[in-house]
Amino acid sequence: MALVSLFFVACNNNGTPPEPKPTLPANGAYAGTFVISQGTEDEFVWDANVVLTINQEETYATVDMLKVKFTEKGMPEMDITIPGVPLTEISDGYTLSCDEDGIIPIMAGGKFPDRVITEIVGKVTSQTISFSFVCMNLPVNFTGVREGALQR
Amino acid sequence: MFLPAVAAAGVTYDTLSNASVTDDTFSAASVSYDTVALNIQTVTVSAPLKRDGDYRRLPVAASTLGSKELNGDFIVEPKNLSLTVPNMMHADYGARMTGSIYMRGLGSRMDQPAVGLYVDGVPVMNKNNYDFDYFDLARIDVLRGPQGTLYGRNTVGGVVDVQTLSPMDYQGVRVGAGYGNGNSWHVQGAVYARPTAKFGFSVAASHRATDGFFTNSFDGSHADSGRSSALRFKLQGRLGRGWMVENSLYANLVRQNGFAYAPYDEATGRAGIIDHNDPTTYDRVGLTDGLTFRRDGARVRVSSTTSWQFTDDDMVLDQDFSPRSMFTLRQSQRENAFTQEVVLRSATSGGSQARRWQWLTGFFGFYRHLETEAPVVFKRDGIDELILANANNGIHTAFPDADLLIREESFPVDSRFRLPAYGLSLYHQSTWRRGRWSLTAGVRADWEHTAINYTNSAEIHYRFTLTMPDYKALPVEMNGRRGKAYFEVMPRVAAMYELPAGSLYASIARGYKAGGYNTQIFSDIVQNRMMGALMEDLGVYFDGVGEGGSAEDAISYRPERSWNYEVGGHFGWLDGRLQVDAALFWIDCRNQQLTVFPAGNGIGRLMSNAGRTRSAGAEVAAAWRVGDLRLTGAWGHTSARFLSYDDGREDYAGNIVPYAPRNTVSLQGEYRIGLSGRGGASGDSSGGGVFSGASALLLTVGGQAAGPIVWNEGNTLTQRLYGLMNASVAWETARLSVSVWARNMTGTEYNTFYFKSVGRSFVQRGKPLQAGVTVALNL
């Protein structure tokens, strides 16, 4: 009876076996494009790579943005890390988010509280990633595909 | 001025008139009229088998200097050959390390030479040894145009063939001394002895010293002072069965302050003041031993020459050539080289068939092992300006209140290289004669392997003030090994037609200059890699910083190949009193090797390949003896241009190839005034002292000119045609000579070299007026 009970608990409401958990590598490298809205000016577009590292409990992710620029002038290419981005499990991957306080990024060897990243919204699957955030009042969007992933 | 008093019997000399002059007439009265080229057919061991007598009878453009010129006041070192030999430039690049010779528009500032140098049949393998004091010399032949068939690699411009005096041909004691302005003095001495008919030896030594002519204004020191010493010990003997042996040991020592470079204002064309705070010196120890066996058989002559060459030199440079502490370079090299050459040649005697067909076959092998240590030390000003300035400019665009700092006041970029190279060659040349025609055809197959093992490292401690409380170590390494093999075939074909007054010839020859590896660019590459690693470590990347960190494109350069097409002639009129040699040439060169500098504030230099160049020109040399007056002159013109050369920044097609003069001119007149004195009609003073016998006054006036010389591929900087005037007055007897001389009598100001370092221009100025007195004695 215990075994039967466990079986019923494991089943979903309509009796079919639960969906398998999505397989997501702990480190995923994605190649894509940043698009930064600059107010009344044209958008600034920059191709770059993003590396996603998920913790063992699958609750947080570290997002490493490599050699990125958000403006043509006034900013060299930089490696920017967003640590501790909360993850929420969904059917085919995870969503990315943050609370209203935002996340302090790491760059040039240290933390930059005056460049806090807010309004993180995003989704990551085994093949694709897309997310947006606001940094220094600039809305930033990124869309990328898993390096080595098949293009549809 | 030396007047070799010949005591050996049976020695003949060829004068300009090609008439034999025996030692009975070899006196102060007659020998001084002529270029005395010792042409010993049967006695001298080291007269190389590749040379077949007088070059004026061969289809080649050549200049010959005999003991008269070589013992005078104007040709005392290789640089003096410039302008005397048409289309030849051996410029003063600031130190005796750089033996850069340009011939007919082809040359090299570094690494592989374009002109080969032979001394007593031994090829000088290291170009750093090209600049040596002239003493104890019997003859120099300068062959123009590619000589690859007989002389192999790195003779694409020609060959300088030096022969020293032989104790089997000349016996006596010679001493000399001189003093001139710049506190320049020299002493020389030589003993030539032949104790038995089968054995002779000579010992010759020379020492020169000078305070130079330029001052380093930073500390008032002599910027181009130096001293050099040399010793040559030669043994010659006959072993029986027709075999002869010679061993020549040569040692030289150089210590100098060099590289007296002045900043150059490109807008005004003026050179500034020499002013640098770190030392610039060059030291060298060289040893060469050559062992030759030779046998002149009835049908075949054979010689074997083995050599060992050791070079240990040390160059120290204030590489920014300024009073600021930016960076210095020290390059220490140690090389051992071995060569072996065997030559077989048909005898010139042996009947009509032997005279119709003559042949020469040879084998040559070499091994060189060069070890180089070349640390570049970045000092505080260099760290701030060359490394941090660019980086902080980029930093401040994003972090205006932050700085990148490097803790070290100075740090070295250590570079060590091992460059082993070895090669083998086989060659053959045949000459057929029929009537007035002769046809020469030859070919050489040359194979060599060269490699580079490189070890480079540097470490700094850096800190980004905004995020890093402490300095962080950043080590960089760059190690590797490369190797390449080359195979080349060098043919030559020439036809000659004898005229009553001389001969005409036409020739086609292939030239080849070996490829190799750049060592002087590694400091740039490592510096760029260091900055790249710093940016990677920090995660901040600046435009234009850290680029050029790849060794792939810069580390090696390809061989240079050329075809030389030439017509010329050798003429003699007025019973040989008027001699004229002329040549027209066209050279098609592929992948000509050029020294280039990295863009911007780069600190190194590298050999690169231009796409294609073309040199075309003409040469005329003449000598005319009229009574007691002797006139000589030479003119060379070369138009050398890029047919295609794009270095990625600019297209230079159509531009003039830099560093080679477009014109070289020399004129000299000698007038001899016989004075009264005791002694026979022949002036024989063997029974008296040095002052006895007939005496004479020799007046010499000469002028030389060169230019224009373009200094860069863009042809924006040029040294105009410049002229130098020389003169001497000498009182001579058979045993004694006292002369007063002057070079550059008009004090012409000119530049001999131009280059850029960290974006600034520098020049080497030519020497000003030099004057002095020389005494020479034959005992």
# chains A, B, ... in the order shown; residues from 1 in each chain; ligands from 1

$ residues_around --residues "Phe133 (chain A)" --least-positions-apart "4" --cutoff "10 Å" --atoms "only C-alpha atoms" --output "CSV table (one decimal) with N, CA and C atoms, in the first residue's frame"
chain,number,residue,atom,x,y,z
A,36,ILE,N,20.7,47.9,-26.9
A,36,ILE,CA,20.6,48.9,-25.8
A,36,ILE,C,19.8,50.1,-26.4
A,97,SER,N,15.1,36.6,-12.7
A,97,SER,CA,14.4,37.7,-12.1
A,97,SER,C,15.3,38.3,-11.0
A,98,CYS,N,14.8,39.4,-10.5
A,98,CYS,CA,15.5,39.9,-9.3
A,98,CYS,C,14.4,40.8,-8.5
A,102,GLY,N,17.5,45.1,-6.8
A,102,GLY,CA,18.4,44.8,-7.9
A,102,GLY,C,19.6,44.0,-7.4
A,117,ILE,N,22.2,46.7,-11.1
A,117,ILE,CA,21.3,46.2,-12.2
A,117,ILE,C,20.0,45.8,-11.6
A,118,THR,N,18.9,46.4,-12.3
A,118,THR,CA,17.6,46.2,-11.8
A,118,THR,C,16.7,45.6,-12.9
A,119,GLU,N,15.5,45.3,-12.5
A,119,GLU,CA,14.4,44.9,-13.5
A,119,GLU,C,14.9,43.7,-14.3
A,120,ILE,N,15.5,42.7,-13.8
A,120,ILE,CA,16.0,41.6,-14.5
A,120,ILE,C,14.7,40.7,-14.8
A,121,VAL,N,14.6,40.5,-16.1
A,121,VAL,CA,13.5,39.6,-16.6
A,121,VAL,C,14.1,38.7,-17.7
A,122,GLY,N,13.9,37.4,-17.6
A,122,GLY,CA,14.5,36.6,-18.7
A,122,GLY,C,14.1,35.1,-18.6
A,137,ASN,N,20.3,53.4,-16.0
A,137,ASN,CA,19.1,54.0,-16.7
A,137,ASN,C,19.1,53.5,-18.2
A,138,LEU,N,19.9,52.6,-18.6
A,138,LEU,CA,19.9,52.1,-19.9
A,138,LEU,C,19.1,50.7,-20.0
A,139,PRO,N,18.1,50.6,-20.7
A,139,PRO,CA,17.4,49.3,-20.9
A,139,PRO,C,18.3,48.5,-21.8
A,140,VAL,N,18.6,47.2,-21.4
A,140,VAL,CA,19.5,46.3,-22.1
A,140,VAL,C,18.7,45.0,-22.4
A,141,ASN,N,18.8,44.6,-23.6
A,141,ASN,CA,18.2,43.3,-24.0
A,141,ASN,C,19.2,42.4,-24.6
A,142,PHE,N,19.1,41.1,-24.2
A,142,PHE,CA,20.1,40.1,-24.8
A,142,PHE,C,19.3,38.9,-25.3

$ closest_atom_pairs --of "chain B" --to "chain A" --cutoff "8 Å" --atoms "only C-alpha atoms" --output "tab-separated table"
residue	atom	partner	partner_atom	distance
B:Gly394	CA	A:Pro76	CA	6.3
B:Ile395	CA	A:Pro76	CA	7.4
B:Thr397	CA	A:Gly74	CA	4.7
B:Ala398	CA	A:Met75	CA	4.9
B:Phe464	CA	A:Ala108	CA	7.6
B:Leu466	CA	A:Gly110	CA	7.8
B:Thr467	CA	A:Gly110	CA	4.6
B:Met468	CA	A:Gly109	CA	6.6
B:Leu538	CA	A:Ala108	CA	4.9
B:Gly539	CA	A:Asp79	CA	4.7
B:Val540	CA	A:Met78	CA	4.5
B:Tyr541	CA	A:Glu77	CA	5.1
B:Phe542	CA	A:Pro76	CA	5.9
B:Asp543	CA	A:Pro76	CA	7.7

$ write_last_selection --atoms "C-alpha atoms" --output "PDB file, in the first residue's frame"
ATOM      1  CA  GLY B 394      40.572  53.745 -21.760  1.00  0.00           C
ATOM      2  CA  ILE B 395      39.967  53.288 -18.035  1.00  0.00           C
ATOM      3  CA  THR B 397      36.229  56.699 -20.160  1.00  0.00           C
ATOM      4  CA  ALA B 398      34.306  54.435 -17.772  1.00  0.00           C
ATOM      5  CA  PHE B 464      43.256  48.969 -10.264  1.00  0.00           C
ATOM      6  CA  LEU B 466      38.883  51.405  -7.705  1.00  0.00           C
ATOM      7  CA  THR B 467      38.500  47.760  -6.822  1.00  0.00           C
ATOM      8  CA  MET B 468      41.856  46.325  -5.762  1.00  0.00           C
ATOM      9  CA  LEU B 538      40.906  42.855 -15.100  1.00  0.00           C
ATOM     10  CA  GLY B 539      38.043  42.348 -17.497  1.00  0.00           C
ATOM     11  CA  VAL B 540      38.458  45.784 -19.070  1.00  0.00           C
ATOM     12  CA  TYR B 541      39.611  46.002 -22.693  1.00  0.00           C
ATOM     13  CA  PHE B 542      41.093  49.125 -24.328  1.00  0.00           C
ATOM     14  CA  ASP B 543      41.211  49.831 -28.022  1.00  0.00           C
TER      15      ASP B 543
END

$ residues_around --residues "Val45 (chain A)" --least-positions-apart "4" --cutoff "9 Å" --atoms "only C-alpha atoms" --output "list in words"
Thr33, Phe34, Val35, Ile36, Ser37, Lys69, Phe70 and Thr71 of chain A

$ write_last_selection --atoms "N, CA and C atoms" --output "compact mmCIF listing (two decimals), in the first residue's frame"
# COMPACT_ATOMS: atom_id res chain seq x y z
N THR A 33 23.30 38.78 -29.08
CA THR A 33 23.38 40.21 -29.37
C THR A 33 22.72 41.01 -28.26
N PHE A 34 23.44 42.04 -27.83
CA PHE A 34 22.88 43.00 -26.91
C PHE A 34 22.27 44.15 -27.72
N VAL A 35 21.10 44.56 -27.32
CA VAL A 35 20.47 45.74 -27.92
C VAL A 35 20.16 46.68 -26.78
N ILE A 36 20.70 47.90 -26.90
CA ILE A 36 20.55 48.87 -25.82
C ILE A 36 19.79 50.08 -26.35
N SER A 37 18.71 50.37 -25.74
CA SER A 37 17.94 51.56 -26.13
C SER A 37 18.59 52.77 -25.50
N LYS A 69 29.81 46.07 -24.40
CA LYS A 69 29.71 47.53 -24.39
C LYS A 69 28.24 47.88 -24.46
N PHE A 70 27.86 48.93 -23.73
CA PHE A 70 26.47 49.37 -23.78
C PHE A 70 26.34 50.70 -24.50
N THR A 71 27.45 51.36 -24.74
CA THR A 71 27.43 52.61 -25.50
C THR A 71 28.65 52.64 -26.40

$ select_by_dssp --residues "region 533-769 of chain B" --states "alpha helix (DSSP H)" --output "NGL selection string"
:B and (533-538)

$ closest_residue --among "A:Asp64, A:Gly32, A:Leu52, A:Gln38" --to "Val134 (chain A)" --atoms "only C-alpha atoms"
A:Gln38

$ residues_around --residues "Glu385 (chain B)" --least-positions-apart "5" --cutoff "12 Å" --atoms "only C-alpha atoms" --output "PyMOL selection string"
chain B and resi 320+324-327+378-380+390-393+406+601-602+758-759

$ atom_distance --atom1 "CA of Glu373 (chain B)" --atom2 "CA of Asn129 (chain B)"
18.3 Å

$ residues_around --residues "region 745-752 of chain B" --least-positions-apart "3" --cutoff "10 Å" --atoms "only C-alpha atoms" --output "ChimeraX atom specification"
/B:89-94,270-271,659,703,709,711,718-727,741-742,762-771

$ residues_around --residues "region 481-488 of chain B" --least-positions-apart "5" --cutoff "12 Å" --atoms "only C-alpha atoms" --output "PDB file with N, CA and C atoms, in the first residue's frame"
ATOM      1  N   GLY B 148      75.864  33.805 -56.222  1.00  0.00           N
ATOM      2  CA  GLY B 148      75.386  32.612 -55.535  1.00  0.00           C
ATOM      3  C   GLY B 148      75.945  31.320 -56.058  1.00  0.00           C
ATOM      4  N   THR B 149      76.240  31.251 -57.360  1.00  0.00           N
ATOM      5  CA  THR B 149      76.682  29.968 -57.923  1.00  0.00           C
ATOM      6  C   THR B 149      77.962  29.494 -57.262  1.00  0.00           C
ATOM      7  N   GLY B 152      77.342  31.018 -52.892  1.00  0.00           N
ATOM      8  CA  GLY B 152      76.215  30.525 -52.107  1.00  0.00           C
ATOM      9  C   GLY B 152      75.271  31.591 -51.585  1.00  0.00           C
ATOM     10  N   ARG B 153      74.584  31.233 -50.513  1.00  0.00           N
ATOM     11  CA  ARG B 153      73.561  32.072 -49.915  1.00  0.00           C
ATOM     12  C   ARG B 153      74.115  33.412 -49.481  1.00  0.00           C
ATOM     13  N   ASN B 154      73.224  34.383 -49.410  1.00  0.00           N
ATOM     14  CA  ASN B 154      73.552  35.709 -48.875  1.00  0.00           C
ATOM     15  C   ASN B 154      74.664  36.415 -49.650  1.00  0.00           C
ATOM     16  N   ARG B 416      65.402  34.877 -24.536  1.00  0.00           N
ATOM     17  CA  ARG B 416      66.545  34.031 -24.846  1.00  0.00           C
ATOM     18  C   ARG B 416      66.225  33.253 -26.106  1.00  0.00           C
ATOM     19  N   PHE B 417      67.225  33.154 -26.939  1.00  0.00           N
ATOM     20  CA  PHE B 417      67.027  32.465 -28.208  1.00  0.00           C
ATOM     21  C   PHE B 417      68.192  31.521 -28.472  1.00  0.00           C
ATOM     22  N   ARG B 418      67.863  30.420 -29.085  1.00  0.00           N
ATOM     23  CA  ARG B 418      68.881  29.548 -29.679  1.00  0.00           C
ATOM     24  C   ARG B 418      68.531  29.386 -31.141  1.00  0.00           C
ATOM     25  N   LEU B 419      69.503  29.665 -31.997  1.00  0.00           N
ATOM     26  CA  LEU B 419      69.233  29.606 -33.433  1.00  0.00           C
ATOM     27  C   LEU B 419      70.279  28.720 -34.096  1.00  0.00           C
ATOM     28  N   PRO B 420      70.019  27.425 -34.154  1.00  0.00           N
ATOM     29  CA  PRO B 420      70.932  26.561 -34.892  1.00  0.00           C
ATOM     30  C   PRO B 420      70.590  26.561 -36.379  1.00  0.00           C
ATOM     31  N   ALA B 421      71.602  26.516 -37.202  1.00  0.00           N
ATOM     32  CA  ALA B 421      71.383  26.459 -38.647  1.00  0.00           C
ATOM     33  C   ALA B 421      72.484  25.616 -39.266  1.00  0.00           C
ATOM     34  N   TYR B 422      72.135  24.862 -40.270  1.00  0.00           N
ATOM     35  CA  TYR B 422      73.148  24.073 -40.972  1.00  0.00           C
ATOM     36  C   TYR B 422      72.727  23.902 -42.416  1.00  0.00           C
ATOM     37  N   GLY B 423      73.703  23.646 -43.282  1.00  0.00           N
ATOM     38  CA  GLY B 423      73.383  23.529 -44.693  1.00  0.00           C
ATOM     39  C   GLY B 423      74.469  22.847 -45.482  1.00  0.00           C
ATOM     40  N   LEU B 424      74.092  22.415 -46.671  1.00  0.00           N
ATOM     41  CA  LEU B 424      75.011  21.753 -47.594  1.00  0.00           C
ATOM     42  C   LEU B 424      74.797  22.324 -48.982  1.00  0.00           C
ATOM     43  N   SER B 425      75.876  22.395 -49.752  1.00  0.00           N
ATOM     44  CA  SER B 425      75.773  22.891 -51.126  1.00  0.00           C
ATOM     45  C   SER B 425      76.697  22.097 -52.027  1.00  0.00           C
ATOM     46  N   LEU B 426      76.242  21.952 -53.265  1.00  0.00           N
ATOM     47  CA  LEU B 426      77.085  21.405 -54.330  1.00  0.00           C
ATOM     48  C   LEU B 426      77.026  22.372 -55.493  1.00  0.00           C
ATOM     49  N   TYR B 427      78.173  22.614 -56.120  1.00  0.00           N
ATOM     50  CA  TYR B 427      78.141  23.555 -57.232  1.00  0.00           C
ATOM     51  C   TYR B 427      79.142  23.154 -58.299  1.00  0.00           C
ATOM     52  N   VAL B 443      75.903  26.160 -61.837  1.00  0.00           N
ATOM     53  CA  VAL B 443      74.700  25.976 -61.026  1.00  0.00           C
ATOM     54  C   VAL B 443      75.114  25.526 -59.632  1.00  0.00           C
ATOM     55  N   ARG B 444      74.328  25.930 -58.685  1.00  0.00           N
ATOM     56  CA  ARG B 444      74.557  25.549 -57.290  1.00  0.00           C
ATOM     57  C   ARG B 444      73.251  25.068 -56.693  1.00  0.00           C
ATOM     58  N   ALA B 445      73.296  23.934 -56.006  1.00  0.00           N
ATOM     59  CA  ALA B 445      72.149  23.439 -55.243  1.00  0.00           C
ATOM     60  C   ALA B 445      72.456  23.653 -53.772  1.00  0.00           C
ATOM     61  N   ASP B 446      71.565  24.350 -53.108  1.00  0.00           N
ATOM     62  CA  ASP B 446      71.821  24.785 -51.740  1.00  0.00           C
ATOM     63  C   ASP B 446      70.661  24.353 -50.850  1.00  0.00           C
ATOM     64  N   TRP B 447      70.957  23.615 -49.805  1.00  0.00           N
ATOM     65  CA  TRP B 447      69.929  23.197 -48.866  1.00  0.00           C
ATOM     66  C   TRP B 447      70.357  23.634 -47.478  1.00  0.00           C
ATOM     67  N   GLU B 448      69.415  24.186 -46.723  1.00  0.00           N
ATOM     68  CA  GLU B 448      69.745  24.531 -45.352  1.00  0.00           C
ATOM     69  C   GLU B 448      68.529  24.397 -44.459  1.00  0.00           C
ATOM     70  N   HIS B 449      68.797  24.218 -43.194  1.00  0.00           N
ATOM     71  CA  HIS B 449      67.745  24.148 -42.176  1.00  0.00           C
ATOM     72  C   HIS B 449      68.074  25.163 -41.099  1.00  0.00           C
ATOM     73  N   THR B 450      67.080  25.937 -40.714  1.00  0.00           N
ATOM     74  CA  THR B 450      67.272  26.902 -39.651  1.00  0.00           C
ATOM     75  C   THR B 450      66.140  26.779 -38.648  1.00  0.00           C
ATOM     76  N   ALA B 451      66.438  27.037 -37.409  1.00  0.00           N
ATOM     77  CA  ALA B 451      65.430  26.887 -36.355  1.00  0.00           C
ATOM     78  C   ALA B 451      65.600  27.994 -35.326  1.00  0.00           C
ATOM     79  N   ILE B 452      64.546  28.191 -34.557  1.00  0.00           N
ATOM     80  CA  ILE B 452      64.610  29.131 -33.439  1.00  0.00           C
ATOM     81  C   ILE B 452      63.927  28.501 -32.235  1.00  0.00           C
ATOM     82  N   ASN B 453      64.603  28.522 -31.126  1.00  0.00           N
ATOM     83  CA  ASN B 453      64.003  28.168 -29.841  1.00  0.00           C
ATOM     84  C   ASN B 453      63.940  29.453 -29.031  1.00  0.00           C
ATOM     85  N   TYR B 454      62.734  29.818 -28.604  1.00  0.00           N
ATOM     86  CA  TYR B 454      62.618  31.100 -27.908  1.00  0.00           C
ATOM     87  C   TYR B 454      61.958  30.921 -26.550  1.00  0.00           C
ATOM     88  N   THR B 455      62.478  31.667 -25.609  1.00  0.00           N
ATOM     89  CA  THR B 455      61.968  31.684 -24.239  1.00  0.00           C
ATOM     90  C   THR B 455      61.865  33.129 -23.803  1.00  0.00           C
ATOM     91  N   ASN B 456      60.648  33.580 -23.572  1.00  0.00           N
ATOM     92  CA  ASN B 456      60.430  34.971 -23.181  1.00  0.00           C
ATOM     93  C   ASN B 456      59.530  35.007 -21.955  1.00  0.00           C
ATOM     94  N   ARG B 510      71.173  34.099 -60.772  1.00  0.00           N
ATOM     95  CA  ARG B 510      70.123  34.084 -59.737  1.00  0.00           C
ATOM     96  C   ARG B 510      70.773  34.391 -58.390  1.00  0.00           C
ATOM     97  N   GLY B 511      70.089  35.225 -57.630  1.00  0.00           N
ATOM     98  CA  GLY B 511      70.554  35.547 -56.285  1.00  0.00           C
ATOM     99  C   GLY B 511      69.594  35.016 -55.243  1.00  0.00           C
ATOM    100  N   TYR B 512      70.115  34.728 -54.076  1.00  0.00           N
ATOM    101  CA  TYR B 512      69.300  34.142 -53.022  1.00  0.00           C
ATOM    102  C   TYR B 512      69.790  34.621 -51.660  1.00  0.00           C
ATOM    103  N   LYS B 513      68.868  35.123 -50.867  1.00  0.00           N
ATOM    104  CA  LYS B 513      69.174  35.490 -49.468  1.00  0.00           C
ATOM    105  C   LYS B 513      68.276  34.674 -48.577  1.00  0.00           C
ATOM    106  N   ALA B 514      68.880  34.024 -47.615  1.00  0.00           N
ATOM    107  CA  ALA B 514      68.154  33.049 -46.803  1.00  0.00           C
ATOM    108  C   ALA B 514      67.054  33.712 -45.978  1.00  0.00           C
ATOM    109  N   GLY B 515      66.002  32.940 -45.724  1.00  0.00           N
ATOM    110  CA  GLY B 515      64.990  33.374 -44.778  1.00  0.00           C
ATOM    111  C   GLY B 515      65.456  33.094 -43.363  1.00  0.00           C
ATOM    112  N   GLY B 516      64.653  33.497 -42.418  1.00  0.00           N
ATOM    113  CA  GLY B 516      65.070  33.284 -41.032  1.00  0.00           C
ATOM    114  C   GLY B 516      64.013  33.735 -40.058  1.00  0.00           C
ATOM    115  N   TYR B 517      64.473  34.030 -38.860  1.00  0.00           N
ATOM    116  CA  TYR B 517      63.564  34.361 -37.765  1.00  0.00           C
ATOM    117  C   TYR B 517      63.937  35.693 -37.141  1.00  0.00           C
ATOM    118  N   ASN B 518      62.904  36.454 -36.814  1.00  0.00           N
ATOM    119  CA  ASN B 518      63.093  37.743 -36.155  1.00  0.00           C
ATOM    120  C   ASN B 518      63.218  37.546 -34.655  1.00  0.00           C
ATOM    121  N   ALA B 551      52.653  35.868 -32.518  1.00  0.00           N
ATOM    122  CA  ALA B 551      53.988  35.717 -33.085  1.00  0.00           C
ATOM    123  C   ALA B 551      53.952  35.173 -34.495  1.00  0.00           C
ATOM    124  N   GLU B 552      52.801  34.717 -34.927  1.00  0.00           N
ATOM    125  CA  GLU B 552      52.748  33.996 -36.183  1.00  0.00           C
ATOM    126  C   GLU B 552      53.259  34.822 -37.346  1.00  0.00           C
ATOM    127  N   ILE B 555      57.237  36.455 -36.607  1.00  0.00           N
ATOM    128  CA  ILE B 555      58.391  35.699 -36.144  1.00  0.00           C
ATOM    129  C   ILE B 555      59.322  35.309 -37.283  1.00  0.00           C
ATOM    130  N   SER B 556      58.838  35.146 -38.461  1.00  0.00           N
ATOM    131  CA  SER B 556      59.701  34.649 -39.520  1.00  0.00           C
ATOM    132  C   SER B 556      59.593  35.521 -40.754  1.00  0.00           C
ATOM    133  N   TYR B 557      60.602  35.435 -41.597  1.00  0.00           N
ATOM    134  CA  TYR B 557      60.584  36.122 -42.881  1.00  0.00           C
ATOM    135  C   TYR B 557      61.065  35.147 -43.946  1.00  0.00           C
ATOM    136  N   ARG B 558      60.599  35.381 -45.148  1.00  0.00           N
ATOM    137  CA  ARG B 558      60.854  34.446 -46.246  1.00  0.00           C
ATOM    138  C   ARG B 558      62.166  34.774 -46.947  1.00  0.00           C
ATOM    139  N   PRO B 559      62.690  33.821 -47.705  1.00  0.00           N
ATOM    140  CA  PRO B 559      63.895  34.115 -48.480  1.00  0.00           C
ATOM    141  C   PRO B 559      63.635  35.191 -49.527  1.00  0.00           C
ATOM    142  N   GLU B 560      64.707  35.833 -49.914  1.00  0.00           N
ATOM    143  CA  GLU B 560      64.668  36.842 -50.974  1.00  0.00           C
ATOM    144  C   GLU B 560      65.328  36.230 -52.203  1.00  0.00           C
ATOM    145  N   ARG B 561      64.699  36.389 -53.335  1.00  0.00           N
ATOM    146  CA  ARG B 561      65.241  35.804 -54.566  1.00  0.00           C
ATOM    147  C   ARG B 561      65.268  36.862 -55.643  1.00  0.00           C
ATOM    148  N   SER B 562      66.272  36.767 -56.514  1.00  0.00           N
ATOM    149  CA  SER B 562      66.379  37.772 -57.566  1.00  0.00           C
ATOM    150  C   SER B 562      67.000  37.170 -58.801  1.00  0.00           C
TER     151      SER B 562
END
